[in-house]
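Asks: Sharing coords_25.txt below, compact mmCIF, C-alpha atoms:
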```
# COMPACT_ATOMS: atom_id res chain seq x y z
CA MET A 518 -34.32 1.20 17.55
CA VAL A 519 -36.87 2.81 19.84
CA CYS A 520 -40.43 3.61 18.90
CA ILE A 521 -41.27 7.11 17.64
CA LEU A 522 -43.25 8.04 20.75
CA SER A 523 -40.35 7.02 22.99
CA ALA A 524 -37.91 9.09 20.98
CA ALA A 525 -40.26 12.09 20.96
CA GLN A 526 -40.86 12.08 24.72
CA SER A 527 -37.34 11.19 25.88
CA THR A 528 -35.83 14.67 25.81
CA LEU A 529 -38.65 16.11 27.89
CA GLN A 530 -38.57 13.16 30.30
CA ALA A 531 -34.80 13.58 30.66
CA THR A 532 -35.21 17.28 31.41
CA LEU A 533 -37.92 16.72 34.05
CA ARG A 534 -36.37 13.64 35.73
CA PRO A 535 -39.25 13.11 38.16
CA ALA A 536 -37.90 9.80 39.46
CA ILE A 537 -34.96 11.51 41.18
CA TRP A 538 -36.85 14.33 42.88
CA LEU A 539 -37.10 12.60 46.27
CA PRO A 540 -33.76 11.65 47.89
CA GLY A 541 -34.94 8.55 49.73
CA ILE A 542 -36.76 7.10 46.75
CA ARG A 543 -34.18 7.87 44.07
CA SER A 544 -31.61 5.63 45.73
CA LEU A 545 -33.79 2.64 44.79
CA HIS A 546 -33.19 3.24 41.08
CA SER A 547 -29.92 5.10 40.70
CA CYS A 548 -26.19 4.53 40.97
CA SER A 549 -23.37 7.05 41.37
CA GLU A 550 -19.66 6.32 41.12
CA ARG A 551 -16.41 8.25 41.21
CA TRP A 552 -13.73 7.03 38.86
CA GLU A 553 -9.99 7.62 38.91
CA ILE A 554 -8.27 7.12 35.58
CA THR A 555 -4.51 7.32 35.56
CA GLU A 556 -2.45 8.61 32.65
CA LEU A 557 -5.36 9.86 30.52
CA THR A 558 -6.66 13.36 29.97
CA PRO A 559 -10.35 14.26 30.37
CA ALA A 560 -10.67 14.77 26.59
CA ILE A 561 -9.37 11.27 25.88
CA CYS A 562 -11.75 9.84 28.49
CA VAL A 563 -14.69 11.55 26.77
CA GLN A 564 -13.63 10.02 23.45
CA LYS A 565 -13.35 6.60 25.09
CA VAL A 566 -16.94 6.94 26.36
CA VAL A 567 -18.12 7.94 22.87
CA ASP A 568 -16.36 4.90 21.38
CA ALA A 569 -17.72 2.63 24.13
CA ILE A 570 -21.31 3.73 23.50
CA ALA A 571 -20.86 3.09 19.78
CA ARG A 572 -19.79 -0.48 20.60
CA LEU A 573 -22.62 -1.02 23.11
CA ALA A 574 -25.22 0.40 20.69
CA GLU A 575 -24.71 -2.64 18.47
CA LYS A 576 -26.16 -4.87 21.22
CA GLU A 577 -28.55 -2.68 23.20
CA LYS A 578 -30.70 0.46 22.97
CA ILE A 579 -28.14 3.01 24.16
CA PHE A 580 -27.49 6.35 22.46
CA LEU A 581 -25.33 9.42 22.95
CA HIS A 582 -27.65 12.32 23.66
CA LYS A 583 -25.17 15.13 24.37
CA VAL A 584 -21.41 15.38 24.24
CA ASP A 585 -19.88 18.59 25.58
CA ARG A 586 -16.18 18.34 24.78
CA GLU A 587 -15.39 21.76 26.29
CA ARG A 588 -16.76 20.77 29.71
CA ASN A 589 -15.96 17.03 29.29
CA ILE A 590 -19.54 15.90 29.94
CA VAL A 591 -21.42 13.08 28.23
CA GLN A 592 -25.15 12.39 28.56
CA ILE A 593 -26.44 9.02 27.38
CA PHE A 594 -29.97 7.73 26.88
CA SER A 595 -30.44 4.03 27.56
CA TYR A 596 -33.71 2.21 27.01
CA THR A 597 -34.72 -1.06 28.63
CA LYS A 598 -36.51 -3.74 26.61
CA ALA A 599 -39.84 -2.22 27.68
CA GLU A 600 -38.45 1.26 26.80
CA TRP A 601 -38.11 2.77 30.22
CA LEU A 602 -35.67 5.64 29.84
CA ASP A 603 -32.55 5.53 31.97
CA ILE A 604 -30.07 8.38 31.83
CA VAL A 605 -26.31 8.15 32.24
CA GLU A 606 -24.25 11.27 32.90
CA ILE A 607 -20.48 11.16 33.04
CA GLU A 608 -18.26 14.17 33.77
CA PHE A 609 -14.47 14.11 33.61
CA TYR A 610 -12.07 16.59 35.15
CA PRO A 611 -8.31 16.71 35.81
CA GLY A 612 -7.18 14.67 38.81
CA GLN A 613 -5.71 16.33 41.87
CA PHE A 614 -2.18 15.25 41.10
CA SER A 615 -2.33 13.43 37.77
CA GLY A 616 -4.66 11.62 35.44
CA THR A 617 -8.39 12.18 35.35
CA GLU A 618 -11.24 11.85 37.79
CA GLY A 619 -14.80 11.22 36.76
CA LYS A 620 -18.26 11.35 38.20
CA ALA A 621 -20.63 8.83 36.68
CA ARG A 622 -24.27 8.38 37.51
CA SER A 623 -27.04 6.36 35.99
CA PHE A 624 -30.66 6.68 37.01
CA SER A 625 -34.17 5.78 35.97
CA SER A 626 -36.14 8.79 34.78
CA GLY A 627 -39.70 7.75 35.65
CA LEU A 628 -42.18 5.12 36.76
CA LEU A 629 -43.71 4.55 33.31
CA PRO A 630 -41.91 3.69 30.08
CA VAL A 631 -41.62 6.53 27.56
CA TRP A 632 -43.68 4.73 24.90
CA VAL A 633 -46.81 5.42 27.00
CA PRO A 634 -48.59 8.50 25.62
CA LEU A 635 -47.95 11.51 27.88
CA SER A 636 -45.72 9.39 30.11
CA PHE A 637 -43.78 12.48 31.18
CA VAL A 638 -47.02 13.95 32.60
CA PHE A 639 -47.92 10.77 34.50
CA ASN A 640 -44.34 10.29 35.69
CA THR A 641 -44.41 13.84 37.03
CA ILE A 642 -47.71 13.23 38.84
CA PHE A 643 -46.50 9.94 40.34
CA PHE A 644 -42.93 11.06 41.15
CA PHE A 645 -43.34 9.89 44.77
CA VAL A 646 -44.09 6.23 43.91
CA PRO A 647 -41.08 4.06 44.81
CA PHE A 648 -39.80 1.46 42.37
CA TYR A 649 -36.68 -0.68 42.19
CA ASP A 650 -34.43 -0.94 39.14
CA ASN A 651 -33.05 -4.42 39.90
CA GLN A 652 -29.52 -2.92 39.76
CA PHE A 653 -29.80 -2.16 36.03
CA ASN A 654 -28.15 1.24 36.49
CA LYS A 655 -25.20 -0.22 38.39
CA LYS A 656 -24.75 -2.91 35.74
CA ARG A 657 -24.99 -0.31 32.96
CA LEU A 658 -22.14 1.75 34.45
CA ALA A 659 -20.07 -1.43 34.71
CA ARG A 660 -20.75 -2.25 31.02
CA ILE A 661 -19.74 1.27 29.96
CA LYS A 662 -16.49 1.09 31.98
CA GLU A 663 -15.69 -2.29 30.49
CA ALA A 664 -16.43 -1.06 26.95
CA MET A 665 -14.12 1.92 27.45
CA HIS A 666 -11.15 -0.50 27.34
CA LEU A 667 -9.14 1.39 29.90
CA ASP A 668 -5.80 -0.01 30.95
CA ARG A 669 -6.43 1.13 34.47
CA LEU A 670 -9.70 2.31 35.92
CA ASP A 671 -9.94 2.33 39.68
CA GLN A 672 -13.26 2.72 41.34
CA VAL A 673 -12.60 5.15 44.20
CA GLU A 674 -16.04 5.43 45.71
CA GLN A 675 -19.38 3.89 44.94
CA GLN A 676 -22.79 4.95 46.15
CA THR A 677 -25.88 2.96 45.27
```
Render the structure in this file as structure tokens.

Replies:
Amino acid sequence: MVCILSAAQSTLQATLRPAIWLPGIRSLHSCSERWEITELTPAICVQKVVDAIARLAEKEKIFLHKVDRERNIVQIFSYTKAEWLDIVEIEFYPGQFSGTEGKARSFSSGLLPVWVPLSFVFNTIFFFVPFYDNQFNKKRLARIKEAMHLDRLDQVEQQT
């Protein structure tokens, strides 16, 4: 459970995303991966993500924010212990020849945790301040993949 102020400011913070405005700095606190999933459709992959987040939510502060089943896109809010907001976005689309391909990215949304009053304002002002995520976003994507219980999930390309 997150505090009321964190929940209230999260949607605005996720829309603004000041921590990823500068290309050189955002690589310090983001992770992007391309996934290749054989023998599953994009719709089934979306459902597997939904199920995985439900399992992970029992142990950590991670919540489904948006699920667009028509476009096969899932947006997830994940909070650290200090309630920094990290955002995970996963998009699935049909593979070139078979199966499904996915684009997954996880990134920190700002310098300050969202429980700080007006954190979205201060995060916007200080968007240029570099900070390191200690590979939390990379580890989060790995936990989501593991919780999806896929028979075969090949990591095609990884950018950190």

Asks: Could you state the separation of atom CA of Glu577 of chain A and atom CA of Lys598 of chain A in Å, given to one decimal place?

Replies: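 Answer for the atom CA of Glu577 of chain A to atom CA of Lys598 of chain A separation: 8.7 Å.
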
Asks: Determine the nearest neighbour of Leu539 of chain A from the options A:Ile661, A:Ser636, A:Gly627, A:Lys583, counting only C-alpha atoms.

Replies: A:Gly627

Asks: Kindly provide the residues of segment 582-601 of chain A that approach segment 638-658 of chain A to within 12 Å, each paired with its closest atom pair and their distance in Å to one decimal, based on all atoms listed in the file, listed by chain and increasing number, as JSON lines.

Replies:
```
{"residue": "A:Ile593", "atom": "CA", "partner": "A:Arg657", "partner_atom": "CA", "distance": 11.0}
{"residue": "A:Phe594", "atom": "CA", "partner": "A:Arg657", "partner_atom": "CA", "distance": 11.2}
{"residue": "A:Ser595", "atom": "CA", "partner": "A:Arg657", "partner_atom": "CA", "distance": 8.8}
{"residue": "A:Tyr596", "atom": "CA", "partner": "A:Phe653", "partner_atom": "CA", "distance": 10.8}
{"residue": "A:Thr597", "atom": "CA", "partner": "A:Phe653", "partner_atom": "CA", "distance": 9.0}
{"residue": "A:Lys598", "atom": "CA", "partner": "A:Phe653", "partner_atom": "CA", "distance": 11.7}
{"residue": "A:Trp601", "atom": "CA", "partner": "A:Asp650", "partner_atom": "CA", "distance": 10.3}
```

Asks: List the neighbours of Arg572 of chain A out to 10 Å using all atoms listed in the file; skip same-chain residues closer than 4 positions along the sequence, and give me the result as a PDB file with C-alpha atoms, in the coordinates of the input.

Replies:
```pdb
ATOM      1  CA  VAL A 566     -16.940   6.940  26.360  1.00  0.00           C
ATOM      2  CA  VAL A 567     -18.120   7.940  22.870  1.00  0.00           C
ATOM      3  CA  ASP A 568     -16.360   4.900  21.380  1.00  0.00           C
ATOM      4  CA  LYS A 576     -26.160  -4.870  21.220  1.00  0.00           C
ATOM      5  CA  GLU A 577     -28.550  -2.680  23.200  1.00  0.00           C
ATOM      6  CA  ILE A 579     -28.140   3.010  24.160  1.00  0.00           C
ATOM      7  CA  ILE A 661     -19.740   1.270  29.960  1.00  0.00           C
ATOM      8  CA  ALA A 664     -16.430  -1.060  26.950  1.00  0.00           C
ATOM      9  CA  MET A 665     -14.120   1.920  27.450  1.00  0.00           C
TER      10      MET A 665
END
```

Asks: Any chance you could work out the axis-aligned box around segment 605-614 of chain A, listed atoms only, 3 Å on each side, giving centre and edge lengths in Å to one decimal, as AutoDock Vina command-line options?

Replies:
```
--center_x -14.2 --center_y 12.4 --center_z 37.1 --size_x 30.1 --size_y 14.6 --size_z 15.6
```

Asks: I need the residue nearest Glu556 of chain A from this list: A:Glu606, A:Leu581, A:Glu618, A:Arg588. Use all atoms listed in the file for the distance.

Replies: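 Once distances to Glu556 of chain A are computed over all atoms listed in the file, the minimum belongs to A:Glu618.
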
Asks: What does the structure give for the distance between atom CA of Trp538 of chain A and atom CA of Phe624 of chain A, in Å to one decimal?

Replies: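 Between these atoms lies a distance of 11.5 Å.
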
Asks: Using all atoms listed in the file, which residue out of A:Ile570, A:Ala531, A:Val605, A:Leu635 lies closest to Glu663 of chain A?

Replies: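 Looking only at the distances to Glu663 of chain A, the closest residue turns out to be A:Ile570.
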
Asks: Could you work out how far atom CA of Phe637 of chain A lies from atom CA of Asn589 of chain A, giving the answer in Å with one decimal?

Replies: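 For atom CA of Asn589 of chain A relative to atom CA of Phe637 of chain A, the distance reads 28.3 Å.
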
Asks: Find the spatial neighbours of Ser523 of chain A, counting all atoms listed in the file, within a cut-off of 10 Å - ignore same-chain residues fewer than 6 positions away - and output them as an NGL selection string.

Replies: :A and (530 or 596 or 600-602 or 630-634 or 636)

Asks: Of the candidates A:Leu545, A:Ala574, A:Cys562, A:Ala524, which shows the shortest atom-to-atom distance to Val591 of chain A, using all atoms listed in the file?

Replies: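 Using all atoms listed in the file, the shortest distance to Val591 of chain A belongs to A:Cys562.
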
Asks: Would you list the contacts of Leu557 of chain A as a list in words, taking every protein, DNA or RNA residue within 10 Å and counting all atoms listed in the file, but skipping same-chain residues closer than 2 positions in sequence?

Replies: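 My reading of the contact set: Glu553, Ile554, Thr555, Pro559, Ala560, Ile561, Cys562, Pro611, Gly612, Ser615, Gly616, Thr617, Glu618, Leu667, Asp668 and Arg669 of chain A.
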
Asks: For a quick check of understanding, using only C-alpha atoms, which of A:Cys520, A:Cys548, A:Ala569, A:Val563 has the smallest distance to Ile604 of chain A?

Replies: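 Among the listed residues, the smallest separation from Ile604 of chain A belongs to A:Cys548.
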